[in-house]
Amino acid sequence: MCGIIGYTGYRNTKTVLLNCLKRLEYRGYDSAGISINNEKSKIETIKAVGEIKILEKKAESFSANGPSGIGHSRWATHGAVTEENAHPHTSCHQEIAIIHNGIIENFKSLQEKLTQKGHIFKSNTDSEILAHLIEEHYEKTTDLKKAVEKTIQEITGSYALVAMTDKEPEKLIAARKDSPLVIGVGDNENFIASDVPAFLPYTKRVIFLEEGDIAEITKTKIQLYQSDGSKKEHEINHVTWNIEDAEKSGFTHYMLKEIYDQPESIQEALRGRISDFDYSISFPDAVEELLSQPFESVSIVACGTSYYAALLGKYLLESLTSLPVSVTYSSEYRFFGKNYAHSLVVAITQSGETLDTLAALKEARKNGASTLAITNIIGSSATRIADAYLLMQSGPEIGVAATKTFTSQIVLMALLSLCLSLRYDKIGADDFHHHVQQLKQIPRNIRKIFDTIDEIKHVAKKLSTAYSAFFIGRGLWYPLAREGALKLKEISYIHAEGFPAGELKHGPFALLTKETPVVAILHKGITYDKMLANIGEIKARGPSVIAIAEDDDEDIEKYADHVLRYPTDGEIECLIPATVILQLLSYYTALYRDCPIDKPRNLAKSVTVE
Ligand code: M6R
């Protein structure tokens, strides 16, 4: 959840740390701080509550520059939002400074022991224990790496940890367990961060730390160790994201940019997976090998928006393969999930770091299931835990609200369903080719939605005055109703709920008034007449209805107050253009309400806590 950056090199350390922190702010932003090993070999620390720009202002009078430094942006999990609780945390004599992401479960008992030894704690966080433990061990070993090694042997819980000491001012020691860390490899400088965008302006060469790794980093050398202290070779990866990818490209918000990225991100999700020659679908070898097993059922685990992609996946997989598919929130699956024999467990997670989803994946593996992760982040924990993984290839998604990664998740679920359908002999060659061909048309159909932006804005203006709204759909369109409602509530703070259209009359009808608009998402398939009937029932109770319907749907005009249209096509292929309308509707509604769209209150991009 929190953002971590460490730097050692020749540049102005304060400037580098603040720049990198700004790029990490989306991970959490209630407070932040930096510590620098200054030119006089002393550690200086500055912290501020609020956004990084507040820290930046405060740091104007902070002249510390030196060979190394660490920075942290915090999203509180343990201890209130105060300067004392912000990271970095320092030891009693200010000789050790640390930043930490994760939870130290046994910090209470350790704190009692250290307090008896005379350590004085300044914060109410579990993380501060690390600075004091390292201090204890450093006094005996006078070696920062050994002190960190001994510290992590004593703690239980999860951590991405970076430590420094004024006694070894050019060195940073990092360690990870259940929380990501990645090294940025530079020339005569090196970085360590919780994720790649932090240091993208400086380097694209990266080393992903694996579970249990410890890294010793100076400006000229990187050495990895395993948890038993033995040296380990490392591999340098080249990330292809450029700075523009991770920035707003002139859009007012990352979210808007990411919505407009979708024609390309869908193309990327399809790239390398559909043969131009015969339209066959292929996945990386590990995935192909996994899918060659004769599965009897599929379970999908995910959270938030990814959960709605999972729900959609259930409809797609069941209709195209006849396999029974269950969908469970990761946080529930990890305790109550059932694994059936010959079962495939698919975890959908944009970040690949959502703690509940990782726990569900581990549980599935423990119980002998075959596991597949669908994620956007190469090197993320999900890719390491699952037997195989499929990448969304969406590029970085900075806005807290998931947009382009949701539509890529749909594409991947469609490809997976079609691929299994063919393997299990459930689809004819003509239908298969038709679907695959149509998937390739999606980017073109999304661009057509952008041409209707004025109508979407017009409807958003009306929606922006609502206090509460409902979203309805049936079949494949029901998960979209859930996602549309989540998007609206998340960024515009309007209360919203998504339902299968047939369910409103079993309770939610009681809430329908002229003031509660209903967004109905429909397609002229088998449930179309039922949807029209449901809309009629709703209209009779007062609400205005915003319909999201096909271009050639004339009947809907008689039922709905406003109609936003997507290009007519096959049902599966229409889902994504309709989603784009929902995303834009939420975006402009939030814009008219003057909400902080990219950083909604109380939310963070990657939820790495329980
Ligand atoms: O990284 P993940 O896909 O595992 O994240 C899951 C949810 O936290 C995420 O989808 C969240 O609901 C989005 N911010 C919603 O827009």
# chains A, B, ... in the order shown; residues from 1 in each chain; ligands from 1
$ closest_atom_pairs --of "chain A" --to "ligand 1" --cutoff "9 Å" --atoms "only C-alpha atoms and all ligand atoms" --output "JSON lines"
{"residue": "A:Ala302", "atom": "CA", "partner": "ligand 1", "partner_atom_place_in_ligand_line": "4 (O)", "distance": 6.3}
{"residue": "A:Cys303", "atom": "CA", "partner": "ligand 1", "partner_atom_place_in_ligand_line": "6 (C)", "distance": 4.5}
{"residue": "A:Gly304", "atom": "CA", "partner": "ligand 1", "partner_atom_place_in_ligand_line": "12 (O)", "distance": 3.2}
{"residue": "A:Thr305", "atom": "CA", "partner": "ligand 1", "partner_atom_place_in_ligand_line": "10 (O)", "distance": 3.7}
{"residue": "A:Ser306", "atom": "CA", "partner": "ligand 1", "partner_atom_place_in_ligand_line": "10 (O)", "distance": 4.8}
{"residue": "A:Tyr307", "atom": "CA", "partner": "ligand 1", "partner_atom_place_in_ligand_line": "10 (O)", "distance": 7.3}
{"residue": "A:Tyr308", "atom": "CA", "partner": "ligand 1", "partner_atom_place_in_ligand_line": "10 (O)", "distance": 8.6}
{"residue": "A:Ala347", "atom": "CA", "partner": "ligand 1", "partner_atom_place_in_ligand_line": "4 (O)", "distance": 8.6}
{"residue": "A:Ile348", "atom": "CA", "partner": "ligand 1", "partner_atom_place_in_ligand_line": "3 (O)", "distance": 6.3}
{"residue": "A:Thr349", "atom": "CA", "partner": "ligand 1", "partner_atom_place_in_ligand_line": "3 (O)", "distance": 3.4}
{"residue": "A:Gln350", "atom": "CA", "partner": "ligand 1", "partner_atom_place_in_ligand_line": "3 (O)", "distance": 3.6}
{"residue": "A:Ser351", "atom": "CA", "partner": "ligand 1", "partner_atom_place_in_ligand_line": "1 (O)", "distance": 3.6}
{"residue": "A:Gly352", "atom": "CA", "partner": "ligand 1", "partner_atom_place_in_ligand_line": "1 (O)", "distance": 5.7}
{"residue": "A:Glu353", "atom": "CA", "partner": "ligand 1", "partner_atom_place_in_ligand_line": "1 (O)", "distance": 6.3}
{"residue": "A:Thr354", "atom": "CA", "partner": "ligand 1", "partner_atom_place_in_ligand_line": "4 (O)", "distance": 4.5}
{"residue": "A:Leu355", "atom": "CA", "partner": "ligand 1", "partner_atom_place_in_ligand_line": "4 (O)", "distance": 8.0}
{"residue": "A:Asp356", "atom": "CA", "partner": "ligand 1", "partner_atom_place_in_ligand_line": "4 (O)", "distance": 8.2}
{"residue": "A:Thr357", "atom": "CA", "partner": "ligand 1", "partner_atom_place_in_ligand_line": "4 (O)", "distance": 6.5}
{"residue": "A:Leu358", "atom": "CA", "partner": "ligand 1", "partner_atom_place_in_ligand_line": "4 (O)", "distance": 8.7}
{"residue": "A:Thr375", "atom": "CA", "partner": "ligand 1", "partner_atom_place_in_ligand_line": "3 (O)", "distance": 7.5}
{"residue": "A:Asn376", "atom": "CA", "partner": "ligand 1", "partner_atom_place_in_ligand_line": "1 (O)", "distance": 8.4}
{"residue": "A:Gly399", "atom": "CA", "partner": "ligand 1", "partner_atom_place_in_ligand_line": "14 (N)", "distance": 8.1}
{"residue": "A:Val400", "atom": "CA", "partner": "ligand 1", "partner_atom_place_in_ligand_line": "14 (N)", "distance": 4.9}
{"residue": "A:Ala401", "atom": "CA", "partner": "ligand 1", "partner_atom_place_in_ligand_line": "16 (O)", "distance": 3.4}
{"residue": "A:Ala402", "atom": "CA", "partner": "ligand 1", "partner_atom_place_in_ligand_line": "16 (O)", "distance": 3.9}
{"residue": "A:Thr403", "atom": "CA", "partner": "ligand 1", "partner_atom_place_in_ligand_line": "16 (O)", "distance": 6.9}
{"residue": "A:Thr405", "atom": "CA", "partner": "ligand 1", "partner_atom_place_in_ligand_line": "3 (O)", "distance": 8.1}
{"residue": "A:Phe406", "atom": "CA", "partner": "ligand 1", "partner_atom_place_in_ligand_line": "10 (O)", "distance": 8.0}
{"residue": "A:Glu483", "atom": "CA", "partner": "ligand 1", "partner_atom_place_in_ligand_line": "16 (O)", "distance": 8.3}
{"residue": "A:Leu486", "atom": "CA", "partner": "ligand 1", "partner_atom_place_in_ligand_line": "15 (C)", "distance": 6.9}
{"residue": "A:Lys487", "atom": "CA", "partner": "ligand 1", "partner_atom_place_in_ligand_line": "16 (O)", "distance": 6.0}
{"residue": "A:Glu490", "atom": "CA", "partner": "ligand 1", "partner_atom_place_in_ligand_line": "16 (O)", "distance": 7.0}
{"residue": "A:Ile491", "atom": "CA", "partner": "ligand 1", "partner_atom_place_in_ligand_line": "16 (O)", "distance": 8.6}
{"residue": "A:Leu603", "atom": "CA", "partner": "ligand 1", "partner_atom_place_in_ligand_line": "14 (N)", "distance": 7.4}
{"residue": "A:Ala604", "atom": "CA", "partner": "ligand 1", "partner_atom_place_in_ligand_line": "14 (N)", "distance": 7.1}
{"residue": "A:Lys605", "atom": "CA", "partner": "ligand 1", "partner_atom_place_in_ligand_line": "14 (N)", "distance": 5.6}
{"residue": "A:Ser606", "atom": "CA", "partner": "ligand 1", "partner_atom_place_in_ligand_line": "1 (O)", "distance": 5.5}
{"residue": "A:Val607", "atom": "CA", "partner": "ligand 1", "partner_atom_place_in_ligand_line": "8 (O)", "distance": 5.7}
$ write_last_selection --atoms "C-alpha atoms" --output "mmCIF file, in the first residue's frame"
data_model
loop_
_atom_site.group_PDB
_atom_site.id
_atom_site.type_symbol
_atom_site.label_atom_id
_atom_site.label_comp_id
_atom_site.auth_asym_id
_atom_site.auth_seq_id
_atom_site.Cartn_x
_atom_site.Cartn_y
_atom_site.Cartn_z
ATOM 1 C CA ALA A 302 -10.360 -11.691 -7.054
ATOM 2 C CA CYS A 303 -11.241 -8.424 -5.286
ATOM 3 C CA GLY A 304 -12.979 -5.199 -6.331
ATOM 4 C CA THR A 305 -13.063 -4.492 -10.040
ATOM 5 C CA SER A 306 -11.112 -7.671 -10.730
ATOM 6 C CA TYR A 307 -13.929 -9.561 -8.989
ATOM 7 C CA TYR A 308 -16.396 -8.187 -11.539
ATOM 8 C CA ALA A 347 -6.638 -15.382 -9.630
ATOM 9 C CA ILE A 348 -7.376 -12.056 -11.321
ATOM 10 C CA THR A 349 -5.356 -9.161 -9.947
ATOM 11 C CA GLN A 350 -4.166 -6.057 -11.755
ATOM 12 C CA SER A 351 -1.374 -5.333 -9.289
ATOM 13 C CA GLY A 352 -0.475 -8.935 -8.559
ATOM 14 C CA GLU A 353 0.068 -7.747 -5.000
ATOM 15 C CA THR A 354 -3.421 -7.675 -3.446
ATOM 16 C CA LEU A 355 -2.788 -9.464 -0.191
ATOM 17 C CA ASP A 356 -6.137 -11.257 -0.036
ATOM 18 C CA THR A 357 -5.728 -12.589 -3.563
ATOM 19 C CA LEU A 358 -2.189 -13.766 -2.873
ATOM 20 C CA THR A 375 -2.135 -9.837 -13.771
ATOM 21 C CA ASN A 376 -0.691 -6.647 -15.232
ATOM 22 C CA GLY A 399 -5.438 6.110 -11.410
ATOM 23 C CA VAL A 400 -6.779 4.348 -8.340
ATOM 24 C CA ALA A 401 -9.923 3.446 -10.280
ATOM 25 C CA ALA A 402 -9.223 0.439 -12.473
ATOM 26 C CA THR A 403 -10.245 1.094 -16.087
ATOM 27 C CA THR A 405 -6.960 -3.214 -16.813
ATOM 28 C CA PHE A 406 -10.610 -4.230 -16.305
ATOM 29 C CA GLU A 483 -18.584 -2.489 -12.039
ATOM 30 C CA LEU A 486 -18.352 0.612 -8.119
ATOM 31 C CA LYS A 487 -16.773 3.102 -10.496
ATOM 32 C CA GLU A 490 -15.463 5.153 -5.898
ATOM 33 C CA ILE A 491 -14.711 8.403 -7.692
ATOM 34 C CA LEU A 603 -8.511 4.309 -1.216
ATOM 35 C CA ALA A 604 -5.160 3.199 -2.568
ATOM 36 C CA LYS A 605 -4.203 1.540 -5.806
ATOM 37 C CA SER A 606 -2.768 -1.602 -4.413
ATOM 38 C CA VAL A 607 -4.216 -3.133 -1.255
#
$ residues_around --residues "Asp454 (chain A)" --least-positions-apart "6" --cutoff "12 Å" --atoms "only C-alpha atoms" --output "PDB file with C-alpha atoms, in the first residue's frame"
ATOM      1  CA  ALA A 460     -23.101  12.855 -16.511  1.00  0.00           C
ATOM      2  CA  LYS A 461     -24.081  16.438 -15.693  1.00  0.00           C
ATOM      3  CA  LEU A 564     -26.046   6.254 -24.624  1.00  0.00           C
ATOM      4  CA  ILE A 581     -19.374   4.378 -21.609  1.00  0.00           C
ATOM      5  CA  LEU A 584     -16.689   7.934 -18.956  1.00  0.00           C
ATOM      6  CA  LEU A 585     -20.055   8.466 -17.291  1.00  0.00           C
ATOM      7  CA  TYR A 588     -17.462  13.150 -15.918  1.00  0.00           C
TER       8      TYR A 588
END
$ residues_around --residues "Leu130 (chain A)" --least-positions-apart "6" --cutoff "10 Å" --atoms "only C-alpha atoms" --output "list in words"
His89, Thr90, Ser91, Ile96, Ala97, Ile98, Ile99, His100, Ile104, Phe107, Leu110, Gln111, Glu136, Val148, Thr151, Ile152, Glu154, Ile155, Leu161, Val162 and Ala163 of chain A
$ write_last_selection --atoms "C-alpha atoms" --output "PDB file, in the first residue's frame"
ATOM      1  CA  HIS A  89      11.708   5.618  11.377  1.00  0.00           C
ATOM      2  CA  THR A  90      15.018   6.106  13.119  1.00  0.00           C
ATOM      3  CA  SER A  91      16.802   4.330  15.958  1.00  0.00           C
ATOM      4  CA  ILE A  96      19.807   3.760  11.605  1.00  0.00           C
ATOM      5  CA  ALA A  97      16.840   4.764   9.429  1.00  0.00           C
ATOM      6  CA  ILE A  98      14.321   2.410   7.874  1.00  0.00           C
ATOM      7  CA  ILE A  99      11.279   2.404   5.619  1.00  0.00           C
ATOM      8  CA  HIS A 100       8.856  -0.491   5.676  1.00  0.00           C
ATOM      9  CA  ILE A 104       5.230  -6.848  11.800  1.00  0.00           C
ATOM     10  CA  PHE A 107       6.110  -6.138  17.274  1.00  0.00           C
ATOM     11  CA  LEU A 110       9.686  -7.275  20.666  1.00  0.00           C
ATOM     12  CA  GLN A 111       8.905  -3.725  21.738  1.00  0.00           C
ATOM     13  CA  GLU A 136      20.695  -3.597  18.573  1.00  0.00           C
ATOM     14  CA  VAL A 148      19.209  -6.703   8.880  1.00  0.00           C
ATOM     15  CA  THR A 151      16.449  -8.631  12.456  1.00  0.00           C
ATOM     16  CA  ILE A 152      14.355 -10.447   9.910  1.00  0.00           C
ATOM     17  CA  GLU A 154      13.280 -12.270  14.713  1.00  0.00           C
ATOM     18  CA  ILE A 155      10.196 -10.812  13.117  1.00  0.00           C
ATOM     19  CA  LEU A 161      12.207  -3.084   4.089  1.00  0.00           C
ATOM     20  CA  VAL A 162      15.042  -0.693   3.259  1.00  0.00           C
ATOM     21  CA  ALA A 163      17.602   0.277   5.907  1.00  0.00           C
TER      22      ALA A 163
END
$ residues_around --residues "Thr328 (chain A)" --least-positions-apart "4" --cutoff "9 Å" --atoms "only C-alpha atoms" --output "ChimeraX atom specification"
/A:299-303,307,310-311,332-333,337
$ write_last_selection --atoms "all heavy atoms" --output "compact mmCIF listing (two decimals), in the first residue's frame"
# COMPACT_ATOMS: atom_id res chain seq x y z
N SER A 299 -12.37 -22.33 -10.40
CA SER A 299 -12.74 -21.36 -9.36
C SER A 299 -11.98 -20.09 -9.68
O SER A 299 -10.80 -20.14 -10.01
CB SER A 299 -12.28 -21.82 -7.98
OG SER A 299 -12.85 -23.06 -7.67
N ILE A 300 -12.65 -18.95 -9.56
CA ILE A 300 -11.96 -17.68 -9.82
C ILE A 300 -11.99 -16.88 -8.54
O ILE A 300 -13.03 -16.78 -7.86
CB ILE A 300 -12.60 -16.87 -10.97
CG1 ILE A 300 -12.98 -17.78 -12.15
CG2 ILE A 300 -11.64 -15.78 -11.44
CD1 ILE A 300 -13.61 -17.05 -13.32
N VAL A 301 -10.83 -16.31 -8.19
CA VAL A 301 -10.74 -15.48 -6.98
C VAL A 301 -10.25 -14.09 -7.39
O VAL A 301 -9.42 -13.96 -8.29
CB VAL A 301 -9.79 -16.09 -5.93
CG1 VAL A 301 -10.35 -17.39 -5.38
CG2 VAL A 301 -8.39 -16.31 -6.50
N ALA A 302 -10.76 -13.07 -6.73
CA ALA A 302 -10.36 -11.69 -7.05
C ALA A 302 -11.03 -10.74 -6.06
O ALA A 302 -11.87 -11.15 -5.26
CB ALA A 302 -10.79 -11.34 -8.48
N CYS A 303 -10.64 -9.47 -6.13
CA CYS A 303 -11.24 -8.42 -5.29
C CYS A 303 -11.65 -7.24 -6.17
O CYS A 303 -11.04 -7.01 -7.22
CB CYS A 303 -10.23 -7.86 -4.29
SG CYS A 303 -9.42 -9.08 -3.28
N TYR A 307 -12.87 -8.59 -9.33
CA TYR A 307 -13.93 -9.56 -8.99
C TYR A 307 -15.04 -9.50 -10.05
O TYR A 307 -15.61 -10.52 -10.43
CB TYR A 307 -14.48 -9.25 -7.60
CG TYR A 307 -15.63 -10.13 -7.18
CD1 TYR A 307 -15.41 -11.39 -6.62
CD2 TYR A 307 -16.95 -9.71 -7.35
CE1 TYR A 307 -16.46 -12.21 -6.25
CE2 TYR A 307 -18.01 -10.53 -6.98
CZ TYR A 307 -17.77 -11.78 -6.43
OH TYR A 307 -18.81 -12.58 -6.07
N ALA A 310 -14.04 -11.29 -12.91
CA ALA A 310 -14.16 -12.72 -12.61
C ALA A 310 -15.61 -13.19 -12.82
O ALA A 310 -15.85 -14.25 -13.41
CB ALA A 310 -13.72 -12.99 -11.17
N LEU A 311 -16.58 -12.35 -12.37
CA LEU A 311 -17.99 -12.70 -12.57
C LEU A 311 -18.31 -12.84 -14.05
O LEU A 311 -19.01 -13.76 -14.48
CB LEU A 311 -18.89 -11.60 -11.99
CG LEU A 311 -19.31 -11.69 -10.52
CD1 LEU A 311 -20.31 -10.58 -10.23
CD2 LEU A 311 -19.92 -13.05 -10.20
N GLU A 332 -12.66 -14.11 1.13
CA GLU A 332 -13.51 -15.20 1.62
C GLU A 332 -12.88 -16.55 1.27
O GLU A 332 -12.86 -17.47 2.07
CB GLU A 332 -14.90 -15.10 0.98
CG GLU A 332 -15.70 -13.92 1.45
CD GLU A 332 -16.10 -14.07 2.91
OE1 GLU A 332 -16.74 -15.06 3.26
OE2 GLU A 332 -15.74 -13.18 3.72
N TYR A 333 -12.36 -16.62 0.07
CA TYR A 333 -11.82 -17.90 -0.41
C TYR A 333 -10.70 -18.40 0.50
O TYR A 333 -10.60 -19.59 0.79
CB TYR A 333 -11.29 -17.73 -1.84
CG TYR A 333 -10.73 -19.02 -2.41
CD1 TYR A 333 -11.54 -19.87 -3.15
CD2 TYR A 333 -9.41 -19.40 -2.19
CE1 TYR A 333 -11.05 -21.05 -3.66
CE2 TYR A 333 -8.91 -20.58 -2.68
CZ TYR A 333 -9.72 -21.40 -3.42
OH TYR A 333 -9.22 -22.58 -3.92
N GLY A 337 -12.80 -21.16 0.94
CA GLY A 337 -12.79 -21.68 -0.42
C GLY A 337 -12.68 -23.20 -0.45
O GLY A 337 -12.00 -23.80 0.37
$ closest_residue --among "A:Ser468, A:Ser381, A:Ser421, A:Ser280" --to "His433 (chain A)" --atoms "only C-alpha atoms"
A:Ser280
$ residues_around --residues "Ala533 (chain A)" --least-positions-apart "4" --cutoff "12 Å" --atoms "only C-alpha atoms" --output "PyMOL selection string"
chain A and resi 501-502+505+520+522+527-529+537-540+555-556+558-560
$ select_by_dssp --residues "region 187-324 of chain A" --states "strand (DSSP E)" --output "ChimeraX atom specification"
/A:189-193,205-208,214-217,222-225,231-232,237-238,297-302
$ atom_distance --atom1 "CA of Tyr279 (chain A)" --atom2 "CA of Ile266 (chain A)"
16.5 Å
$ residues_around --residues "Ile281 (chain A)" --least-positions-apart "3" --cutoff "8 Å" --atoms "only C-alpha atoms" --output "compact mmCIF listing (two decimals) with all heavy atoms, in the first residue's frame"
# COMPACT_ATOMS: atom_id res chain seq x y z
N ARG A 273 -1.30 -13.29 -29.13
CA ARG A 273 -2.15 -14.40 -28.67
C ARG A 273 -3.09 -14.93 -29.76
O ARG A 273 -3.65 -16.00 -29.62
CB ARG A 273 -2.97 -13.94 -27.46
CG ARG A 273 -2.05 -13.88 -26.25
CD ARG A 273 -2.45 -12.96 -25.18
NE ARG A 273 -1.45 -12.99 -24.12
CZ ARG A 273 -1.34 -12.11 -23.16
NH1 ARG A 273 -2.18 -11.09 -23.12
NH2 ARG A 273 -0.41 -12.21 -22.25
N ILE A 274 -3.27 -14.13 -30.81
CA ILE A 274 -4.12 -14.60 -31.91
C ILE A 274 -3.27 -14.69 -33.16
O ILE A 274 -2.62 -13.71 -33.55
CB ILE A 274 -5.28 -13.62 -32.15
CG1 ILE A 274 -6.17 -13.55 -30.90
CG2 ILE A 274 -6.10 -14.04 -33.36
CD1 ILE A 274 -7.35 -12.63 -31.04
N SER A 275 -3.28 -15.84 -33.77
CA SER A 275 -2.47 -16.02 -34.97
C SER A 275 -3.11 -15.28 -36.15
O SER A 275 -4.32 -15.41 -36.40
CB SER A 275 -2.35 -17.52 -35.27
OG SER A 275 -2.20 -17.71 -36.65
N LEU A 415 -10.52 -14.83 -24.19
CA LEU A 415 -9.55 -15.69 -24.90
C LEU A 415 -9.43 -17.05 -24.21
O LEU A 415 -9.41 -18.09 -24.87
CB LEU A 415 -8.17 -15.02 -24.94
CG LEU A 415 -8.01 -13.82 -25.88
CD1 LEU A 415 -6.58 -13.27 -25.78
CD2 LEU A 415 -8.31 -14.20 -27.33
N CYS A 419 -10.41 -20.54 -25.87
CA CYS A 419 -9.35 -21.53 -26.01
C CYS A 419 -9.79 -22.86 -25.38
O CYS A 419 -9.65 -23.92 -26.00
CB CYS A 419 -8.11 -20.96 -25.33
SG CYS A 419 -6.77 -22.08 -25.20
